[in-house]
file coords36.pdb (PDB, C-alpha atoms and all ligand atoms)
ATOM      1  CA  MET A  94       1.658   5.381 -21.240  1.00  0.00           C
ATOM      2  CA  PHE A  95       4.724   3.950 -19.477  1.00  0.00           C
ATOM      3  CA  LEU A  96       2.629   1.746 -17.194  1.00  0.00           C
ATOM      4  CA  ASP A  97       0.908   0.119 -20.154  1.00  0.00           C
ATOM      5  CA  ARG A  98       4.115  -0.280 -22.155  1.00  0.00           C
ATOM      6  CA  ILE A  99       6.069  -2.129 -19.469  1.00  0.00           C
ATOM      7  CA  GLY A 100       3.685  -5.049 -19.556  1.00  0.00           C
ATOM      8  CA  ILE A 101       2.251  -5.179 -16.071  1.00  0.00           C
ATOM      9  CA  ASP A 102      -1.053  -6.977 -15.486  1.00  0.00           C
ATOM     10  CA  MET A 103      -2.568  -4.902 -12.674  1.00  0.00           C
ATOM     11  CA  ILE A 104      -1.871  -1.596 -10.968  1.00  0.00           C
ATOM     12  CA  GLY A 105      -2.290  -1.438  -7.220  1.00  0.00           C
ATOM     13  CA  ILE A 106      -3.155   1.890  -5.624  1.00  0.00           C
ATOM     14  CA  VAL A 107      -2.770   2.092  -1.853  1.00  0.00           C
ATOM     15  CA  ASN A 108      -5.844   3.828  -0.423  1.00  0.00           C
ATOM     16  CA  GLU A 109      -4.772   3.377   3.189  1.00  0.00           C
ATOM     17  CA  PRO A 110      -4.143   6.840   4.738  1.00  0.00           C
ATOM     18  CA  SER A 111      -1.432   5.606   7.110  1.00  0.00           C
ATOM     19  CA  SER A 112       0.754   4.472   4.193  1.00  0.00           C
ATOM     20  CA  PRO A 113       3.521   6.603   2.657  1.00  0.00           C
ATOM     21  CA  ARG A 114       2.011   5.410  -0.644  1.00  0.00           C
ATOM     22  CA  PHE A 115      -1.440   6.722   0.164  1.00  0.00           C
ATOM     23  CA  ALA A 116      -3.513   7.956  -2.744  1.00  0.00           C
ATOM     24  CA  LYS A 117      -7.084   9.188  -2.513  1.00  0.00           C
ATOM     25  CA  LYS A 118      -9.864   7.196  -4.127  1.00  0.00           C
ATOM     26  CA  GLU A 119     -10.187   9.923  -6.819  1.00  0.00           C
ATOM     27  CA  PHE A 120      -6.681   9.001  -7.955  1.00  0.00           C
ATOM     28  CA  ASN A 121      -7.890   5.472  -8.803  1.00  0.00           C
ATOM     29  CA  LYS A 122     -10.511   6.938 -11.097  1.00  0.00           C
ATOM     30  CA  MET A 123      -7.984   9.220 -12.782  1.00  0.00           C
ATOM     31  CA  ILE A 124      -5.399   6.452 -13.334  1.00  0.00           C
ATOM     32  CA  ARG A 125      -8.144   4.238 -14.782  1.00  0.00           C
ATOM     33  CA  THR A 126      -8.518   6.718 -17.647  1.00  0.00           C
ATOM     34  CA  LYS A 127      -4.776   6.462 -18.388  1.00  0.00           C
ATOM     35  CA  VAL A 128      -4.200   2.705 -18.405  1.00  0.00           C
ATOM     36  CA  SER A 129      -5.912  -0.303 -19.861  1.00  0.00           C
ATOM     37  CA  ARG A 130      -4.926  -2.598 -16.988  1.00  0.00           C
ATOM     38  CA  PRO A 131      -7.216  -3.299 -14.037  1.00  0.00           C
ATOM     39  CA  VAL A 132      -6.758  -0.947 -11.097  1.00  0.00           C
ATOM     40  CA  VAL A 133      -6.628  -2.564  -7.663  1.00  0.00           C
ATOM     41  CA  SER A 134      -7.649  -0.608  -4.572  1.00  0.00           C
ATOM     42  CA  VAL A 135      -5.394  -1.706  -1.697  1.00  0.00           C
ATOM     43  CA  ALA A 136      -6.295  -0.981   1.919  1.00  0.00           C
ATOM     44  CA  ILE A 137      -6.349  -2.496   5.375  1.00  0.00           C
ATOM     45  CA  ASN A 138      -9.599  -1.006   6.597  1.00  0.00           C
ATOM     46  CA  HIS A 139     -12.817  -1.624   4.739  1.00  0.00           C
ATOM     47  CA  ASP A 140     -13.874   2.040   4.776  1.00  0.00           C
ATOM     48  CA  ASN A 141     -10.724   3.056   2.917  1.00  0.00           C
ATOM     49  CA  LEU A 142     -11.268   0.636   0.033  1.00  0.00           C
ATOM     50  CA  ASP A 143     -12.532   1.966  -3.247  1.00  0.00           C
ATOM     51  CA  LEU A 144     -15.385  -0.400  -4.038  1.00  0.00           C
ATOM     52  CA  LYS A 145     -15.573   1.056  -7.545  1.00  0.00           C
ATOM     53  CA  ALA A 146     -12.076  -0.145  -8.450  1.00  0.00           C
ATOM     54  CA  ASP A 147     -11.739  -3.110 -10.813  1.00  0.00           C
ATOM     55  CA  LEU A 148     -10.313  -5.223  -8.017  1.00  0.00           C
ATOM     56  CA  ILE A 149     -10.203  -4.782  -4.264  1.00  0.00           C
ATOM     57  CA  GLN A 150      -7.284  -5.977  -2.149  1.00  0.00           C
ATOM     58  CA  VAL A 151      -8.098  -6.273   1.544  1.00  0.00           C
ATOM     59  CA  HIS A 152      -4.745  -6.324   3.264  1.00  0.00           C
ATOM     60  CA  ARG A 153      -5.417  -7.989   6.598  1.00  0.00           C
ATOM     61  CA  ILE A 154      -6.829 -11.186   8.052  1.00  0.00           C
ATOM     62  CA  LEU A 155     -10.625 -11.064   8.041  1.00  0.00           C
ATOM     63  CA  ASN A 156     -12.917 -12.691  10.576  1.00  0.00           C
ATOM     64  CA  ASP A 157     -15.774 -15.040   9.648  1.00  0.00           C
ATOM     65  CA  ASP A 158     -18.396 -12.280   9.625  1.00  0.00           C
ATOM     66  CA  GLU A 159     -16.279 -10.139   7.322  1.00  0.00           C
ATOM     67  CA  LEU A 160     -15.593 -13.031   4.961  1.00  0.00           C
ATOM     68  CA  GLU A 161     -19.314 -13.783   4.816  1.00  0.00           C
ATOM     69  CA  ARG A 162     -20.129 -10.152   4.094  1.00  0.00           C
ATOM     70  CA  LEU A 163     -17.630  -9.982   1.222  1.00  0.00           C
ATOM     71  CA  GLU A 164     -18.887 -13.297  -0.087  1.00  0.00           C
ATOM     72  CA  THR A 165     -22.317 -11.750  -0.608  1.00  0.00           C
ATOM     73  CA  MET A 166     -20.709  -9.115  -2.826  1.00  0.00           C
ATOM     74  CA  SER A 167     -18.671 -10.756  -5.586  1.00  0.00           C
ATOM     75  CA  THR A 168     -15.810 -13.006  -4.518  1.00  0.00           C
ATOM     76  CA  SER A 169     -14.086 -12.648  -7.915  1.00  0.00           C
ATOM     77  CA  ARG A 170     -13.540  -8.897  -7.340  1.00  0.00           C
ATOM     78  CA  PHE A 171     -11.497  -9.422  -4.195  1.00  0.00           C
ATOM     79  CA  ILE A 172      -7.850 -10.207  -3.701  1.00  0.00           C
ATOM     80  CA  LEU A 173      -7.461 -11.534  -0.195  1.00  0.00           C
ATOM     81  CA  TYR A 174      -4.221 -11.156   1.710  1.00  0.00           C
ATOM     82  CA  VAL A 175      -2.946 -14.345   3.315  1.00  0.00           C
ATOM     83  CA  PRO A 176       0.170 -14.056   5.495  1.00  0.00           C
ATOM     84  CA  VAL A 177       3.028 -16.401   4.730  1.00  0.00           C
ATOM     85  CA  SER A 178       3.052 -17.961   8.173  1.00  0.00           C
ATOM     86  CA  GLU A 179       1.533 -20.824  10.142  1.00  0.00           C
ATOM     87  CA  GLU A 180      -1.516 -18.658  10.808  1.00  0.00           C
ATOM     88  CA  GLY A 181      -1.773 -18.060   7.051  1.00  0.00           C
ATOM     89  CA  ARG A 182      -1.877 -21.774   6.357  1.00  0.00           C
ATOM     90  CA  ILE A 183      -5.041 -22.101   8.479  1.00  0.00           C
ATOM     91  CA  TYR A 184      -6.548 -18.857   7.188  1.00  0.00           C
ATOM     92  CA  LEU A 185      -6.007 -19.947   3.563  1.00  0.00           C
ATOM     93  CA  ARG A 186      -8.360 -22.900   4.084  1.00  0.00           C
ATOM     94  CA  LYS A 187     -11.017 -20.534   5.386  1.00  0.00           C
ATOM     95  CA  VAL A 188     -10.610 -18.094   2.483  1.00  0.00           C
ATOM     96  CA  VAL A 189     -10.895 -20.893  -0.068  1.00  0.00           C
ATOM     97  CA  SER A 190     -13.922 -22.389   1.679  1.00  0.00           C
ATOM     98  CA  HIS A 191     -15.659 -19.005   1.331  1.00  0.00           C
ATOM     99  CA  GLY A 192     -15.144 -19.189  -2.436  1.00  0.00           C
ATOM    100  CA  PHE A 193     -12.391 -16.591  -2.932  1.00  0.00           C
ATOM    101  CA  ASP A 194     -10.139 -17.427  -5.865  1.00  0.00           C
ATOM    102  CA  LYS A 195      -7.708 -14.485  -5.786  1.00  0.00           C
ATOM    103  CA  VAL A 196      -5.261 -14.768  -2.971  1.00  0.00           C
ATOM    104  CA  LEU A 197      -2.079 -12.823  -2.269  1.00  0.00           C
ATOM    105  CA  PHE A 198       0.600 -14.482  -0.163  1.00  0.00           C
ATOM    106  CA  ASP A 199       2.539 -11.732   1.575  1.00  0.00           C
ATOM    107  CA  SER A 200       4.799 -11.419   4.591  1.00  0.00           C
ATOM    108  CA  PRO A 201       3.061 -11.351   7.984  1.00  0.00           C
ATOM    109  CA  ARG A 202       4.375  -7.828   8.627  1.00  0.00           C
ATOM    110  CA  ARG A 203       5.117  -4.919   6.299  1.00  0.00           C
ATOM    111  CA  GLY A 204       8.816  -4.470   5.752  1.00  0.00           C
ATOM    112  CA  LEU A 205       9.500  -8.153   6.355  1.00  0.00           C
ATOM    113  CA  ARG A 206      10.748 -10.310   3.482  1.00  0.00           C
ATOM    114  CA  THR A 207       8.449 -13.234   2.690  1.00  0.00           C
ATOM    115  CA  SER A 208       9.898 -16.622   3.592  1.00  0.00           C
ATOM    116  CA  LEU A 209      10.505 -18.529   0.361  1.00  0.00           C
ATOM    117  CA  GLN A 210      10.234 -21.889   2.070  1.00  0.00           C
ATOM    118  CA  LEU A 211       6.852 -21.136   3.652  1.00  0.00           C
ATOM    119  CA  ALA A 212       5.625 -19.463   0.457  1.00  0.00           C
ATOM    120  CA  LYS A 213       6.483 -22.616  -1.476  1.00  0.00           C
ATOM    121  CA  GLU A 214       4.436 -24.689   0.956  1.00  0.00           C
ATOM    122  CA  LEU A 215       1.426 -22.390   0.574  1.00  0.00           C
ATOM    123  CA  LEU A 216       1.791 -22.340  -3.226  1.00  0.00           C
ATOM    124  CA  ASP A 217       1.716 -26.134  -3.229  1.00  0.00           C
ATOM    125  CA  VAL A 218      -1.774 -25.806  -1.729  1.00  0.00           C
ATOM    126  CA  PHE A 219      -2.907 -22.834  -3.845  1.00  0.00           C
ATOM    127  CA  PRO A 220      -0.671 -22.505  -6.954  1.00  0.00           C
ATOM    128  CA  ASP A 221      -2.584 -19.623  -8.574  1.00  0.00           C
ATOM    129  CA  ALA A 222      -1.950 -17.190  -5.721  1.00  0.00           C
ATOM    130  CA  GLY A 223       0.030 -14.003  -6.144  1.00  0.00           C
ATOM    131  CA  LEU A 224       3.224 -13.544  -4.183  1.00  0.00           C
ATOM    132  CA  ALA A 225       4.514 -10.404  -2.480  1.00  0.00           C
ATOM    133  CA  GLY A 226       6.671  -9.257   0.379  1.00  0.00           C
ATOM    134  CA  GLY A 227       9.844  -7.295  -0.156  1.00  0.00           C
ATOM    135  CA  ILE A 228      10.423  -8.312  -3.765  1.00  0.00           C
ATOM    136  CA  ASN A 229      13.102  -6.228  -5.487  1.00  0.00           C
ATOM    137  CA  PRO A 230      15.280  -6.491  -8.637  1.00  0.00           C
ATOM    138  CA  GLU A 231      17.980  -8.378  -6.722  1.00  0.00           C
ATOM    139  CA  ASN A 232      15.782 -11.101  -5.202  1.00  0.00           C
ATOM    140  CA  VAL A 233      12.959 -11.387  -7.757  1.00  0.00           C
ATOM    141  CA  VAL A 234      14.617 -14.410  -9.376  1.00  0.00           C
ATOM    142  CA  ASP A 235      14.042 -16.407  -6.193  1.00  0.00           C
ATOM    143  CA  PHE A 236      10.351 -15.489  -6.160  1.00  0.00           C
ATOM    144  CA  VAL A 237       9.921 -16.250  -9.884  1.00  0.00           C
ATOM    145  CA  SER A 238      11.410 -19.695  -9.299  1.00  0.00           C
ATOM    146  CA  LEU A 239       8.382 -20.538  -7.113  1.00  0.00           C
ATOM    147  CA  ASN A 240       6.165 -20.002 -10.172  1.00  0.00           C
ATOM    148  CA  PRO A 241       3.330 -18.083  -8.455  1.00  0.00           C
ATOM    149  CA  GLY A 242       0.168 -16.914 -10.226  1.00  0.00           C
ATOM    150  CA  TRP A 243       1.543 -13.379 -10.247  1.00  0.00           C
ATOM    151  CA  LEU A 244       4.129 -11.228  -8.514  1.00  0.00           C
ATOM    152  CA  ASP A 245       3.199  -8.096  -6.602  1.00  0.00           C
ATOM    153  CA  VAL A 246       6.020  -5.599  -6.295  1.00  0.00           C
ATOM    154  CA  SER A 247       5.821  -2.277  -4.484  1.00  0.00           C
ATOM    155  CA  SER A 248       8.406  -0.904  -2.046  1.00  0.00           C
ATOM    156  CA  GLY A 249      11.220  -2.852  -3.728  1.00  0.00           C
ATOM    157  CA  VAL A 250      10.976  -0.683  -6.832  1.00  0.00           C
ATOM    158  CA  GLU A 251      10.940   2.700  -5.122  1.00  0.00           C
ATOM    159  CA  GLU A 252      13.438   5.553  -5.014  1.00  0.00           C
ATOM    160  CA  TYR A 253      11.999   6.390  -1.594  1.00  0.00           C
ATOM    161  CA  PRO A 254       8.689   5.488   0.128  1.00  0.00           C
ATOM    162  CA  GLY A 255       5.895   6.608  -2.171  1.00  0.00           C
ATOM    163  CA  LYS A 256       8.037   7.265  -5.252  1.00  0.00           C
ATOM    164  CA  LYS A 257       8.450   4.459  -7.777  1.00  0.00           C
ATOM    165  CA  SER A 258      11.753   4.221  -9.634  1.00  0.00           C
ATOM    166  CA  ARG A 259      11.466   3.770 -13.383  1.00  0.00           C
ATOM    167  CA  ASP A 260      14.953   2.200 -13.447  1.00  0.00           C
ATOM    168  CA  LYS A 261      14.076  -0.377 -10.791  1.00  0.00           C
ATOM    169  CA  VAL A 262      10.799  -1.209 -12.520  1.00  0.00           C
ATOM    170  CA  MET A 263      12.643  -1.725 -15.825  1.00  0.00           C
ATOM    171  CA  LYS A 264      15.336  -3.759 -14.085  1.00  0.00           C
ATOM    172  CA  ILE A 265      12.849  -6.087 -12.444  1.00  0.00           C
ATOM    173  CA  LYS A 266      11.077  -6.519 -15.748  1.00  0.00           C
ATOM    174  CA  GLU A 267      14.349  -7.445 -17.471  1.00  0.00           C
ATOM    175  CA  VAL A 268      15.107 -10.066 -14.827  1.00  0.00           C
ATOM    176  CA  ILE A 269      11.641 -11.585 -15.143  1.00  0.00           C
ATOM    177  CA  LYS A 270      11.815 -11.596 -18.972  1.00  0.00           C
ATOM    178  CA  GLY A 271      15.239 -13.208 -18.823  1.00  0.00           C
ATOM    179  CA  GLY A 272      13.766 -16.170 -16.959  1.00  0.00           C
ATOM    180  CA  VAL A 273      15.469 -18.132 -14.259  1.00  0.00           C
TER     181      VAL A 273
HETATM  182  O1  LIG B   1       2.364  -0.236   0.582  1.00  0.00           O
HETATM  183  C1  LIG B   1       1.823   0.010   1.666  1.00  0.00           C
HETATM  184  O2  LIG B   1       2.206   0.927   2.383  1.00  0.00           O
HETATM  185  C2  LIG B   1       0.648  -0.809   2.100  1.00  0.00           C
HETATM  186  C3  LIG B   1      -0.121  -0.335   3.138  1.00  0.00           C
HETATM  187  C4  LIG B   1      -1.204  -1.056   3.545  1.00  0.00           C
HETATM  188  C5  LIG B   1      -1.529  -2.253   2.959  1.00  0.00           C
HETATM  189  C6  LIG B   1      -0.757  -2.755   1.929  1.00  0.00           C
HETATM  190  C7  LIG B   1       0.336  -2.055   1.482  1.00  0.00           C
HETATM  191  N1  LIG B   1       1.145  -2.505   0.472  1.00  0.00           N
HETATM  192  C8  LIG B   1       0.937  -3.687  -0.279  1.00  0.00           C
HETATM  193  O3  LIG B   1       1.686  -4.749   0.272  1.00  0.00           O
HETATM  194  C9  LIG B   1       2.057  -5.645  -0.765  1.00  0.00           C
HETATM  195  C10 LIG B   1       3.538  -5.941  -0.696  1.00  0.00           C
HETATM  196  O4  LIG B   1       4.280  -4.756  -0.819  1.00  0.00           O
HETATM  197  P1  LIG B   1       5.897  -4.730  -0.801  1.00  0.00           P
HETATM  198  O5  LIG B   1       6.355  -5.072  -2.203  1.00  0.00           O
HETATM  199  O6  LIG B   1       6.384  -5.692   0.209  1.00  0.00           O
HETATM  200  O7  LIG B   1       6.235  -3.311  -0.465  1.00  0.00           O
HETATM  201  C11 LIG B   1       1.625  -4.977  -2.062  1.00  0.00           C
HETATM  202  O8  LIG B   1       0.363  -5.498  -2.434  1.00  0.00           O
HETATM  203  C12 LIG B   1       1.471  -3.533  -1.674  1.00  0.00           C
HETATM  204  O9  LIG B   1       0.545  -2.864  -2.515  1.00  0.00           O
END
call {"tool": "encode", "arguments": {"input": "coords36.pdb", "output": "structure tokens"}}
result
Amino acid sequence: MFLDRIGIDMIGIVNEPSSPRFAKKEFNKMIRTKVSRPVVSVAINHDNLDLKADLIQVHRILNDDELERLETMSTSRFILYVPVSEEGRIYLRKVVSHGFDKVLFDSPRRGLRTSLQLAKELLDVFPDAGLAGGINPENVVDFVSLNPGWLDVSSGVEEYPGKKSRDKVMKIKEVIKGGV
């Protein structure tokens, strides 16, 4: 399948109903039969997450009670969103102290490009984190140069909201393969 052939490491499925990329939890199960890569359920609200997915990406800042609750599940199954902002710097310490080892640095608001300078500062603290936030074929080189644990690309490789562009996906892959 195309998704397997292009050499991605994980496939994120947005299970948040308010998103133009919304897919039902059943879709996660179906896509899992088609690809060998881990499927990540992405949502803002806990109830919308697919707890059966390989990985679970909670896309908002969690309070102490919520972090403690997730900690009792399995920290290694969660990817925790950390905003690239001053608030994110403080929140990162909390997330790490709760034992989470998969962290995604993303812009503080959807549609906003992540600040490279602030992202660099957060990556100095937590180098294995993923990096997201408005990455597209034109700017991916700048994000690669920060050497994050992984890159998470979504709206920047779309034809329109909800429809991925094969050309843009291939283009971004070529840039990454070409190095910086
Ligand atoms: O894509 C969405 O609409 C979405 C909705 C709710 C939570 C997260 C969402 N997207 C995730 O955000 C990051 C960065 O995406 P982008 O490249 O800036 O568009 C990524 O993990 C998306 O899956």
call {"tool": "resolve_selection", "arguments": {"input": "coords36.pdb", "expression": "the PyMOL selection byres (((not hetatm)) within 8 of (chain B and resi 1))", "output": "count of residues only"}}
result
35
call {"tool": "residues_around", "arguments": {"input": "coords36.pdb", "residues": "Val175 (chain A)", "least_positions_apart": "5", "cutoff": "12 Å", "atoms": "all atoms listed in the file", "output": "MDAnalysis selection string"}}
result
chainID A and resid 150:155 180:189 193 195:202 207 211:212 215:216 219 222:226
call {"tool": "residues_around", "arguments": {"input": "coords36.pdb", "residues": "region 140-149 of chain A", "least_positions_apart": "2", "cutoff": "6 Å", "atoms": "all atoms listed in the file", "output": "mmCIF file with C-alpha atoms, in the frame of the given file"}}
result
data_model
loop_
_atom_site.group_PDB
_atom_site.id
_atom_site.type_symbol
_atom_site.label_atom_id
_atom_site.label_comp_id
_atom_site.auth_asym_id
_atom_site.auth_seq_id
_atom_site.Cartn_x
_atom_site.Cartn_y
_atom_site.Cartn_z
ATOM 1 C CA ASN A 108 -5.844 3.828 -0.423
ATOM 2 C CA GLU A 109 -4.772 3.377 3.189
ATOM 3 C CA LYS A 118 -9.864 7.196 -4.127
ATOM 4 C CA PRO A 131 -7.216 -3.299 -14.037
ATOM 5 C CA VAL A 132 -6.758 -0.947 -11.097
ATOM 6 C CA VAL A 133 -6.628 -2.564 -7.663
ATOM 7 C CA SER A 134 -7.649 -0.608 -4.572
ATOM 8 C CA ALA A 136 -6.295 -0.981 1.919
ATOM 9 C CA ASN A 138 -9.599 -1.006 6.597
ATOM 10 C CA ARG A 170 -13.540 -8.897 -7.340
ATOM 11 C CA PHE A 171 -11.497 -9.422 -4.195
ATOM 12 C CA ILE A 172 -7.850 -10.207 -3.701
#
call {"tool": "closest_residue", "arguments": {"input": "coords36.pdb", "among": "A:Ser258, A:Thr168, A:Ser208, A:Asn121", "to": "His191 (chain A)", "atoms": "all atoms listed in the file"}}
result
A:Thr168
call {"tool": "atom_distance", "arguments": {"input": "coords36.pdb", "atom1": "CA of Trp243 (chain A)", "atom2": "CA of Lys257 (chain A)"}}
result
19.3 Å
call {"tool": "build_atoms", "arguments": {"input": "coords36.pdb", "residues": "region 241-267 of chain A", "atoms": "N, CA and C atoms", "output": "compact mmCIF listing (two decimals), in the frame of the given file"}}
result
# COMPACT_ATOMS: atom_id res chain seq x y z
N PRO A 241 4.65 -18.47 -8.98
CA PRO A 241 3.33 -18.08 -8.46
C PRO A 241 2.40 -17.62 -9.59
N GLY A 242 1.12 -17.41 -9.23
CA GLY A 242 0.17 -16.91 -10.23
C GLY A 242 0.57 -15.55 -10.76
N TRP A 243 1.03 -14.69 -9.87
CA TRP A 243 1.54 -13.38 -10.25
C TRP A 243 2.47 -12.88 -9.16
N LEU A 244 3.25 -11.86 -9.50
CA LEU A 244 4.13 -11.23 -8.51
C LEU A 244 3.62 -9.83 -8.25
N ASP A 245 3.66 -9.43 -6.99
CA ASP A 245 3.20 -8.10 -6.60
C ASP A 245 4.41 -7.37 -6.01
N VAL A 246 4.79 -6.29 -6.67
CA VAL A 246 6.02 -5.60 -6.30
C VAL A 246 5.70 -4.14 -5.98
N SER A 247 6.13 -3.67 -4.83
CA SER A 247 5.82 -2.28 -4.48
C SER A 247 7.05 -1.54 -3.94
N SER A 248 7.32 -1.71 -2.64
CA SER A 248 8.41 -0.90 -2.05
C SER A 248 9.78 -1.25 -2.63
N GLY A 249 9.92 -2.43 -3.18
CA GLY A 249 11.22 -2.85 -3.73
C GLY A 249 11.58 -2.18 -5.03
N VAL A 250 10.66 -1.42 -5.60
CA VAL A 250 10.98 -0.68 -6.83
C VAL A 250 10.74 0.82 -6.62
N GLU A 251 11.12 1.28 -5.43
CA GLU A 251 10.94 2.70 -5.12
C GLU A 251 12.29 3.41 -4.98
N GLU A 252 12.26 4.71 -5.30
CA GLU A 252 13.44 5.55 -5.01
C GLU A 252 13.43 5.88 -3.53
N TYR A 253 12.24 6.16 -3.02
CA TYR A 253 12.00 6.39 -1.59
C TYR A 253 10.52 6.08 -1.36
N PRO A 254 10.08 5.89 -0.10
CA PRO A 254 8.69 5.49 0.13
C PRO A 254 7.68 6.42 -0.57
N GLY A 255 6.92 5.83 -1.46
CA GLY A 255 5.90 6.61 -2.17
C GLY A 255 6.30 7.01 -3.57
N LYS A 256 7.58 6.84 -3.92
CA LYS A 256 8.04 7.26 -5.25
C LYS A 256 8.65 6.06 -5.98
N LYS A 257 7.94 5.61 -7.01
CA LYS A 257 8.45 4.46 -7.78
C LYS A 257 9.64 4.90 -8.63
N SER A 258 10.57 3.96 -8.82
CA SER A 258 11.75 4.22 -9.63
C SER A 258 11.58 3.54 -10.99
N ARG A 259 11.60 4.33 -12.04
CA ARG A 259 11.47 3.77 -13.38
C ARG A 259 12.59 2.76 -13.65
N ASP A 260 13.81 3.09 -13.21
CA ASP A 260 14.95 2.20 -13.45
C ASP A 260 14.75 0.84 -12.77
N LYS A 261 14.27 0.89 -11.52
CA LYS A 261 14.08 -0.38 -10.79
C LYS A 261 12.94 -1.20 -11.41
N VAL A 262 11.91 -0.49 -11.87
CA VAL A 262 10.80 -1.21 -12.52
C VAL A 262 11.31 -1.89 -13.79
N MET A 263 12.11 -1.15 -14.58
CA MET A 263 12.64 -1.72 -15.82
C MET A 263 13.59 -2.89 -15.51
N LYS A 264 14.36 -2.72 -14.45
CA LYS A 264 15.34 -3.76 -14.08
C LYS A 264 14.60 -5.06 -13.69
N ILE A 265 13.58 -4.90 -12.89
CA ILE A 265 12.85 -6.09 -12.44
C ILE A 265 12.18 -6.77 -13.63
N LYS A 266 11.72 -5.95 -14.56
CA LYS A 266 11.08 -6.52 -15.75
C LYS A 266 12.10 -7.31 -16.58
N GLU A 267 13.30 -6.75 -16.70
CA GLU A 267 14.35 -7.44 -17.47
C GLU A 267 14.68 -8.80 -16.85
